[in-house]
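What follows is the content of query_4.cif, which has mmCIF, N, CA and C atoms:
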data_my_file
#
loop_
_atom_site.label_atom_id
_atom_site.label_comp_id
_atom_site.auth_asym_id
_atom_site.auth_seq_id
_atom_site.Cartn_x
_atom_site.Cartn_y
_atom_site.Cartn_z
N MET A 18 33.25 24.91 12.02
CA MET A 18 32.36 26.02 12.29
C MET A 18 31.38 25.59 13.39
N ALA A 19 31.13 26.48 14.32
CA ALA A 19 30.23 26.18 15.43
C ALA A 19 28.79 26.12 14.94
N ASN A 20 28.03 25.23 15.53
CA ASN A 20 26.63 25.17 15.16
C ASN A 20 25.82 26.13 16.03
N PHE A 21 24.54 26.28 15.72
CA PHE A 21 23.71 27.26 16.40
C PHE A 21 23.59 26.95 17.89
N THR A 22 23.50 25.68 18.25
CA THR A 22 23.36 25.31 19.66
C THR A 22 24.57 25.76 20.46
N ALA A 23 25.75 25.61 19.90
CA ALA A 23 26.97 26.04 20.59
C ALA A 23 26.97 27.56 20.78
N ILE A 24 26.53 28.29 19.76
CA ILE A 24 26.47 29.75 19.84
C ILE A 24 25.43 30.16 20.88
N GLU A 25 24.28 29.49 20.86
CA GLU A 25 23.22 29.78 21.82
C GLU A 25 23.71 29.53 23.25
N ASN A 26 24.38 28.41 23.46
CA ASN A 26 24.89 28.08 24.79
C ASN A 26 25.94 29.09 25.24
N SER A 27 26.77 29.52 24.33
CA SER A 27 27.80 30.52 24.65
C SER A 27 27.17 31.85 25.05
N ALA A 28 26.14 32.28 24.30
CA ALA A 28 25.45 33.53 24.62
C ALA A 28 24.75 33.44 25.97
N GLN A 29 24.14 32.29 26.25
CA GLN A 29 23.46 32.11 27.53
C GLN A 29 24.46 32.11 28.68
N LYS A 30 25.60 31.49 28.47
CA LYS A 30 26.63 31.44 29.51
C LYS A 30 27.19 32.84 29.78
N ALA A 31 27.43 33.60 28.73
CA ALA A 31 28.01 34.94 28.87
C ALA A 31 27.04 35.93 29.51
N THR A 32 25.76 35.83 29.17
CA THR A 32 24.78 36.81 29.65
C THR A 32 23.94 36.31 30.81
N GLN A 33 23.93 35.01 31.01
CA GLN A 33 23.08 34.36 32.01
C GLN A 33 21.60 34.64 31.74
N LEU A 34 21.28 34.74 30.46
CA LEU A 34 19.91 34.92 29.99
C LEU A 34 19.68 33.96 28.83
N ASN A 35 18.43 33.49 28.67
CA ASN A 35 18.16 32.69 27.48
C ASN A 35 17.86 33.64 26.31
N LEU A 36 17.81 33.08 25.12
CA LEU A 36 17.66 33.93 23.93
C LEU A 36 16.35 34.70 23.92
N ALA A 37 15.29 34.11 24.45
CA ALA A 37 14.00 34.82 24.50
C ALA A 37 14.12 36.06 25.40
N GLN A 38 14.83 35.93 26.51
CA GLN A 38 15.02 37.07 27.39
C GLN A 38 15.88 38.15 26.72
N ILE A 39 16.95 37.72 26.06
CA ILE A 39 17.81 38.67 25.37
C ILE A 39 17.01 39.43 24.32
N LYS A 40 16.18 38.72 23.57
CA LYS A 40 15.37 39.34 22.53
C LYS A 40 14.37 40.34 23.11
N SER A 41 13.85 40.04 24.30
CA SER A 41 12.83 40.92 24.89
C SER A 41 13.42 42.17 25.52
N PHE A 42 14.71 42.17 25.82
CA PHE A 42 15.35 43.32 26.44
C PHE A 42 15.63 44.40 25.40
N SER A 43 15.51 45.64 25.81
CA SER A 43 15.98 46.75 24.97
C SER A 43 17.50 46.79 25.11
N PRO A 44 18.20 47.47 24.21
CA PRO A 44 19.66 47.59 24.37
C PRO A 44 20.04 48.18 25.74
N TYR A 45 19.26 49.15 26.21
CA TYR A 45 19.53 49.76 27.51
C TYR A 45 19.38 48.74 28.63
N GLN A 46 18.28 47.96 28.59
CA GLN A 46 18.05 46.95 29.63
C GLN A 46 19.13 45.87 29.61
N LEU A 47 19.55 45.46 28.42
CA LEU A 47 20.59 44.44 28.31
C LEU A 47 21.91 44.98 28.87
N ARG A 48 22.25 46.21 28.53
CA ARG A 48 23.47 46.82 29.07
C ARG A 48 23.41 46.90 30.59
N GLU A 49 22.26 47.31 31.10
CA GLU A 49 22.08 47.42 32.55
C GLU A 49 22.25 46.06 33.23
N HIS A 50 21.66 45.02 32.64
CA HIS A 50 21.77 43.67 33.19
C HIS A 50 23.22 43.19 33.18
N LEU A 51 23.91 43.40 32.06
CA LEU A 51 25.29 42.95 31.95
C LEU A 51 26.22 43.70 32.90
N GLU A 52 25.95 44.99 33.12
CA GLU A 52 26.76 45.75 34.07
C GLU A 52 26.58 45.21 35.49
N LYS A 53 25.35 44.89 35.86
CA LYS A 53 25.09 44.34 37.19
C LYS A 53 25.70 42.95 37.34
N THR A 54 25.55 42.13 36.31
CA THR A 54 26.05 40.75 36.36
C THR A 54 27.57 40.70 36.40
N ASN A 55 28.22 41.48 35.53
CA ASN A 55 29.68 41.42 35.39
C ASN A 55 30.42 42.45 36.22
N LYS A 56 29.68 43.38 36.82
CA LYS A 56 30.28 44.47 37.61
C LYS A 56 31.32 45.25 36.81
N ILE A 57 31.03 45.45 35.53
CA ILE A 57 31.88 46.21 34.63
C ILE A 57 31.00 47.22 33.88
N LYS A 58 31.46 48.47 33.81
CA LYS A 58 30.72 49.48 33.06
C LYS A 58 30.91 49.26 31.57
N PHE A 59 29.82 49.36 30.82
CA PHE A 59 29.88 49.26 29.37
C PHE A 59 29.78 50.65 28.77
N SER A 60 30.52 50.88 27.71
CA SER A 60 30.37 52.13 26.98
C SER A 60 30.47 51.82 25.50
N PHE A 61 29.73 52.57 24.72
CA PHE A 61 29.72 52.39 23.28
C PHE A 61 30.34 53.62 22.65
N VAL A 62 31.23 53.38 21.71
CA VAL A 62 31.91 54.49 21.05
C VAL A 62 31.74 54.36 19.55
N SER A 63 31.84 55.48 18.89
CA SER A 63 31.78 55.49 17.44
C SER A 63 33.19 55.66 16.90
N ALA A 64 33.53 54.89 15.89
CA ALA A 64 34.84 55.00 15.27
C ALA A 64 34.84 56.01 14.13
N PHE A 65 33.70 56.63 13.84
CA PHE A 65 33.61 57.61 12.76
C PHE A 65 34.43 58.83 13.11
N PRO A 66 35.16 59.43 12.28
CA PRO A 66 35.39 59.15 10.87
C PRO A 66 36.68 58.36 10.61
N TYR A 67 37.15 57.65 11.60
CA TYR A 67 38.45 56.99 11.47
C TYR A 67 38.44 55.74 10.61
N ILE A 68 37.29 55.07 10.48
CA ILE A 68 37.21 53.89 9.63
C ILE A 68 36.03 54.04 8.69
N GLY A 69 35.99 53.23 7.70
CA GLY A 69 34.84 53.22 6.80
C GLY A 69 34.98 54.25 5.69
N ARG A 70 33.87 54.46 5.02
CA ARG A 70 33.87 55.32 3.84
C ARG A 70 33.24 56.68 4.11
N GLY A 71 32.93 56.96 5.35
CA GLY A 71 32.31 58.25 5.64
C GLY A 71 30.81 58.20 5.47
N ASN A 72 30.20 59.31 5.27
CA ASN A 72 28.76 59.42 5.15
C ASN A 72 28.33 59.07 3.73
N VAL A 73 27.73 57.92 3.57
CA VAL A 73 27.33 57.48 2.24
C VAL A 73 26.12 58.25 1.71
N LEU A 74 25.42 58.95 2.58
CA LEU A 74 24.26 59.73 2.13
C LEU A 74 24.64 61.15 1.76
N ARG A 75 25.90 61.45 1.74
CA ARG A 75 26.38 62.79 1.38
C ARG A 75 25.68 63.88 2.20
N GLU A 76 25.56 63.60 3.50
CA GLU A 76 24.99 64.53 4.47
C GLU A 76 23.54 64.89 4.21
N ASN A 77 22.82 64.04 3.52
CA ASN A 77 21.39 64.25 3.30
C ASN A 77 20.64 63.02 3.79
N ILE A 78 19.48 63.24 4.35
CA ILE A 78 18.61 62.14 4.71
C ILE A 78 17.62 61.98 3.57
N ILE A 79 17.45 60.76 3.07
CA ILE A 79 16.53 60.54 1.96
C ILE A 79 15.44 59.57 2.39
N ASP A 80 14.29 59.70 1.76
CA ASP A 80 13.17 58.83 2.09
C ASP A 80 13.31 57.49 1.38
N THR A 81 12.50 56.53 1.78
CA THR A 81 12.58 55.17 1.25
C THR A 81 12.32 55.11 -0.24
N ALA A 82 11.35 55.88 -0.72
CA ALA A 82 11.02 55.86 -2.14
C ALA A 82 12.21 56.32 -2.99
N THR A 83 12.89 57.37 -2.56
CA THR A 83 14.06 57.85 -3.28
C THR A 83 15.17 56.81 -3.26
N LEU A 84 15.37 56.20 -2.12
CA LEU A 84 16.38 55.16 -2.00
C LEU A 84 16.06 53.99 -2.93
N ASP A 85 14.80 53.58 -2.98
CA ASP A 85 14.40 52.49 -3.88
C ASP A 85 14.66 52.85 -5.34
N ARG A 86 14.36 54.10 -5.72
CA ARG A 86 14.62 54.53 -7.11
C ARG A 86 16.10 54.49 -7.42
N GLU A 87 16.93 54.94 -6.50
CA GLU A 87 18.38 54.91 -6.71
C GLU A 87 18.90 53.49 -6.86
N ILE A 88 18.40 52.58 -6.05
CA ILE A 88 18.81 51.17 -6.13
C ILE A 88 18.36 50.58 -7.45
N ASP A 89 17.12 50.88 -7.86
CA ASP A 89 16.62 50.37 -9.15
C ASP A 89 17.49 50.85 -10.30
N LYS A 90 17.92 52.12 -10.27
CA LYS A 90 18.80 52.65 -11.32
C LYS A 90 20.13 51.89 -11.36
N LEU A 91 20.66 51.60 -10.19
CA LEU A 91 21.95 50.90 -10.13
C LEU A 91 21.85 49.45 -10.62
N LEU A 92 20.69 48.85 -10.41
CA LEU A 92 20.53 47.44 -10.78
C LEU A 92 20.15 47.22 -12.24
N ARG A 93 19.84 48.28 -12.96
CA ARG A 93 19.48 48.13 -14.38
C ARG A 93 20.65 47.82 -15.23
#

Now, as a test, write the supplied structure out as C-alpha cells.
Amino acid sequence: MANFTAIENSAQKATQLNLAQIKSFSPYQLREHLEKTNKIKFSFVSAFPYIGRGNVLRENIIDTATLDREIDKLLR
C-alpha cells in the first residue's frame, strides 16, 4: 500500500500544485487550472439513476434534527 508521501507526490505531479494550493482552490478554479495545464476539457456527469439505490431521501429534503432522530431510532 502506498504511503501518504507517495500519494502527495503523485497528486503534485499530476496537478503541478502542492496540497496547500489544491486545498485553497475551489472546484471551479481547480478544473480551470487543470484544463489550462493539460489542454483537455473536463466535464462532470451524473450516473443517476443508472447506478446506486436511487434517492434515499424519498424525494424529500429533511433537516438535521429529523435526520439525527431517524439515526437514533435505527441505532437503538

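In this structure, atom N of Leu34 (chain A) sits 17.5 Å away from atom C of Lys58 (chain A).
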
Atom pair atom C of Lys56 (chain A) + CA of Lys30 (chain A), distance 16.3 Å

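The spacing separating atom N of Asn26 (chain A) from atom N of His50 (chain A) amounts to 19.2 Å.
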
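Against this structure, the PyMOL selection byres (((chain A and resi 48 and name CA) around 12) and name CA) ends up with Thr32, Ile39, Phe42, Ser43, Pro44, Tyr45, Gln46, Leu47, Glu49, His50, Leu51, Glu52, Lys53, Thr54, Asn55, Lys56, Ile57, Lys58, Phe59, Ser60 and Phe61 of chain A.
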